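These notes are about the structure you will find just below.
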Amino acid sequence: MYGQPQWGNRKWKWFLTLFSPLPFLSLLLALRKAASASAAQGAANPNSGSGAANPRKRKNHRQRQPSAAAPGPTLLPRALSLLADAAGRLPLGSHPDARRSLVDTAAELAAFDVLAAVLGSDYHAEAVQDVVRALFPVVLSGAKSAARASAVQFLVRKLVPLGAEGADEGVRKAVGYLPRYLAVKAPDKAEARGLAVEAIVEVVRALGPEEREAFAGYVVAMTRGKAKGRLLAVDLVLAMLPLLLPSEEDDCGLEEGSWGLKCLRVLVERCSDSVGGVRARALMNAAQALDVLSEKGVEVDRLQQVMRIGNMGLGELLRLRCTDDKAAVRKAALVLITKAIGLIGRPVDESLLCAMGAACSDPLVSIRKAALAAISEVFRKFPDEGVMKEWLQAVPPLVIDSETSIQEECENLFLELVLNRICQAANLSLDDDSVTLEEVFPEGTLDLLKSICDGEVAPCIRKICASLGKKKKLKPLLASSLQNIITISESLWLRNCKPIEKWTAPTGSWWLLSEVSSFAPKSVNWKFLSHHWKLLDNVGQEGRGKACSEEEPNSALWAVNRVSLLQTISNVSMELPVVPAAELADSLLTRISNFDMNLSEVDAHVKSLKTLCKRKAKTVKEGNAAILNWSQKLISNAVDILDKYVKETSESAKGRNFITPLSGKPKGKKVASVSKSTSQAVIAVFTVGSLVLACPTASVQGITPLLHTIITSGNSETRQKRLVGGSVSFKELAPSLYIQSWDTLAKICLVDGKVAKRYIPIFVQELERSDMATLRNNIMIAMADFYVRYTALVDCYVSKITKSLRDPCEVVRRQTFILLSKLLQRDYVKWRGVLFLRFLPSLVDESEKIRNLADYLFGHILKAKAPLLAYNSFIEAIYVLNNCTGHGAYSESQGSSDRGPALFAIRGTDERSRSKRMHIYASLLKQMAPEHLLATSAKLCAEILAAACDGLLNVDDAAGGAVLQDALEILACKEMRIHPNICSDISEMDEEGGEGGGTASALMAAKGRAVTQVAKKNLIQIAVPIFIELKRLLESKNSPLTGCLMDCLRALLKDYKNEIEEILVADKQLQKELLYDMQRYEAGKGKSRAADVAGPSGSGRSPARQTPSGRAGAAAASVDASARATVRSVLKEVNRNTPTPPLHSMSVPKVKSILGSAGPGSRRPAVLESVRRLQPFESDDEN
């Protein structure tokens, strides 16, 4: 029965004549059932891997079924084998249903020998399409499996060869169209699409050259089709690129007209696709295509020509994509930059560098990592001055990034690209032929040293060096290299016979040595430090002996170098010999007591002297006693100098009041003497401040009254009569002394709480009324320190301190913003009261730097730290920005009598003021979740629109009208609109632009759809009655705000056009009124536009006397028809009766009303009561 039939040809033909399709279909059905039963039996009785099962359950099972026998061998494989033998001989050509059933059964059971027999039969021409149709679900399955791999191999080895030359024309066409069919049926998901691309490429590889080129043309056409096809096409282009290029190492595959060149060009074109996912995929594939072309040996010039889109080169394309609004596109562009750095060319475009630098501050971690790698690769290949500057501005600040991996990568890159390059100068020597330093050191070394000491970058580099030092990654070779650079610079200067007093070390060398010397103290040579200290000290004393007019221009550089040298000496003080250390300490003390140094050097001298005393003292007590001893002496000397100066100045002022001034100019010696005494007094005051911070236990009883005299001089307030100088205004005579006195007094307050209690109110008063920007800036810094030290004392002055956010000086505003932001992040200042509202105008500040800081604060820090703050303060912000005090709740919250509210308001109905306010509103709305947007729209309707209807908000007032106009524009703006994709966009940002989606993305998308449905029902139910009542009120007052209301209503109707007819089904008259009013408004706008275009009539007649011509009537009729069409298009579609979920199923914040604070005598809002009768806006509590 199961043997091979040995019949003759005649008997076999006779058997085929007895073939009947119905029994054959029954046989195939039996095979399917047998396969299903075998699979179910195997799943129910697993024989392997059961060692970890419950033994008690297995024992009970054996007791219940003691006679259960093992399943016998299945006959399915033998039956399939016999079917394969008979499939090619059956007369299925005339029975298409039986043939399709056979093919489907074989594909379902993975019986590829049966399919092979079908393709080898006489009816294979008719069966090719059936085989392709049956196998494509297996080939395009979303998971890797043995069945899928076998199906792909079957297509490649069995089906594709049937389309060779000489085959039937129908078979050749079916085989040629096979990859196209698979492309059309390819799935959408990323992983399944990738497997589909692999299968298609395997099939294409087996095709002939003509079919391969034909499919390449089809792929090129796909790139201009629908989004799904374009996304698949960019993947196919990358996968097919090795097949379209020759194997030889030349570029003949990129000749004009070749399919390889065509595919590359369409891939580059898709980098500017309208869909973000296609753009991202095209950029990523372009990066991989460059690797393929590089392996093929394609020249760089040819690649640059290929990577152009019209007149736009690769650099311009990358710049645009680096600033794309889609996260995945920005990340892919940065990856492409890393791959295509050789194609960008030198010099690198400045705009591209700025785009990469901005990407280093992107909110997504993955994009910051990609930007860090991209800009570092550019710096590694092209260490130009512009690249170096942008790299130092973008990368070192990442050392304070919230992501630890980015911090570590930043440190490693700085070590590789900066410090290791500087280390190359350790073993260099000065040649006889060298003329300049650039010839001695490697290219870019001196530029690096000059750039790293920039004021904005230096704090970050200091932190990087400290972190690398703690991890023991700083090599002693770095300190040796910096010493060698300074020594070679000095030797070359002297060899050119130049005076040593005009020599300065390469900029940044001393500063970097002071930062790294504490981690490699043994690598710093004491003879080197001693030599240069004597040199710098002597030159500094000679410079101070000269007149101000003769002062050298590089004296400031010498002062900076002396500060860095002193810091280096302090770092290596433990390694210094005892005698030189004592001599150095005595020299430092002498220098300080002379009170003739540059102010930038005083702190360094005091800190170095303190460090030497601590480290060289035998005990801690002995060191502290020594520090207190010389600190007290220096303070006493400073008091004497300041007291003498105050007396002389007071006596001089009294003498000028009674003596007639002499004619002519004062003598030069007298002017120089006065200037010298003033400078000495300033240095003495500054030195006292440094000493107080270095030794807080030192007594300041003598200096405090003198400082009080200076800061209160010239005021009309009562002061102590026993103090001299009461009639002198030091603010006018010596502004520098006046400012330094405030600074020193602030330092004294930091170490003495009693003095702080007395003088902090004076600081606040001076901050408000001072006309000196420098002093206001310094006091603001002091107030920030007071906030940390005396939080309770300063917190009551927060409303006055925040006024500096609107200071006329940009530096003061920026300093105030930065300091308050730091205090807010450290929780010394809370986001409560007016603080948040006073930060809002910084979003539209005149300074671009302040605007960028404000955008970062609100968009990143505040969004993570206080996500509900924008929602809770939104309504109040509208009143504050318009300075509207007519509302009860706002009057209570802003009841102060100062000019604060008006200072922070952006009043006015002009275009500039409204655009500023709308920018602030949009920035706040972007921080809100969809449910918060829903609640905010309800609050706008309930607390502004309804308040205007009930008379609580006076719309006749300019401020009240501006509030109402802002509310209407907010309701109509695009940031307020809730669409289903808003949650998916948020999930994309959270998942950093990945394509996977995942459960969280699906949940967020479902949440977005639910919130949208709730908004479509509840917002219309609340808004429409209020809009109708408000429209009647504005029409009765003939208010110009009617136009704003109609614009807002039209925008709402466009967004919720499917629900308007359902909501107004019970009031047809109201619906007709809305349509009529909107039609009239549209017609009026159209006629006014037509009148503006037509202009004044040339006949000179009055418009009232002019008779409208036939042309004018036709124009008016066309305008009316256009208006009717516009209005009716809004309500064209009919609701699909989709159920709306109840609002209580969503977690929506409660609407916190501020109308209740309008006073006990206010009447109950009638419009709100009517809204409650419709359907109340219910919500759950906030978490």
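Each chain in the structure tokens gets a letter, A, B, ..., in the order shown, and its residues are numbered from 1; ligands are numbered from 1 in order too.
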
Next on the checklist: What's around Glu456 of chain A at 12 Å? Count only C-alpha atoms, leave out sequence neighbours fewer than 2 positions away in its own chain, and write the answer as a PyMOL selection string.
Outcome noted: chain A and resi 389+392-394+396-397+451-454+458-462

Item to check | For atom CA of Gly142 of chain A and atom CA of Gly194 of chain A, the interatomic separation in Å (one decimal) | outcome: 8.9 Å

Item to check | Spatial neighbours of Thr323 of chain A, 9 Å, only C-alpha atoms, chain gap at least 3 places, as a PyMOL selection string | outcome: chain A and resi 318-320+326+329-330+355-356+358-359

Item to check | Nearest to Leu793 of chain A, chosen from A:Met772, A:Ala111, A:Ala756, A:Leu609, with only C-alpha atoms counted in the distances | outcome: A:Ala756

Next on the checklist: Would you compute the distance between atom CA of Ser518 of chain A and atom CA of Asn571 of chain A? Give it in Å to one decimal.
Outcome noted: 4.7 Å

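When only C-alpha atoms are used to compute distances to Arg1080 of chain A, the closest of the residues A:Asp956, A:Leu413, A:Met1046, A:Ile779 turns out to be A:Met1046.
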
Item to check | Best match for closeness to Met928 of chain A among A:Asp104, A:Glu975, A:Glu439, A:Asp603, counting only C-alpha atoms | outcome: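 Of the candidates, the smallest distance to Met928 of chain A is held by A:Glu975.
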
Next on the checklist: What parts of segment 697-905 of chain A does DSSP call helix (DSSP H, G or I)? I'd like the answer as a PyMOL selection string.
Outcome noted: chain A and resi 703-711+730-733+735-751+753-769+773-789+791-806+810-825+835-844+848-865+869-872+874-882+888-893+900-903

Checklist entry - So how far away is atom CA of Leu599 of chain A from atom CA of Lys644 of chain A, in Å? => result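 Separating atom CA of Lys644 of chain A from atom CA of Leu599 of chain A is a distance of 20.6 Å.
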
Next on the checklist: Give me, as a PyMOL selection string, all polymer residues having an atom no more than 7 Å from segment 475-491 of chain A, counting only C-alpha atoms and skipping those fewer than 6 positions away in the same chain.
Outcome noted: chain A and resi 422-423+425-426+430+437+505-506+509+513+516-517+520+523-524
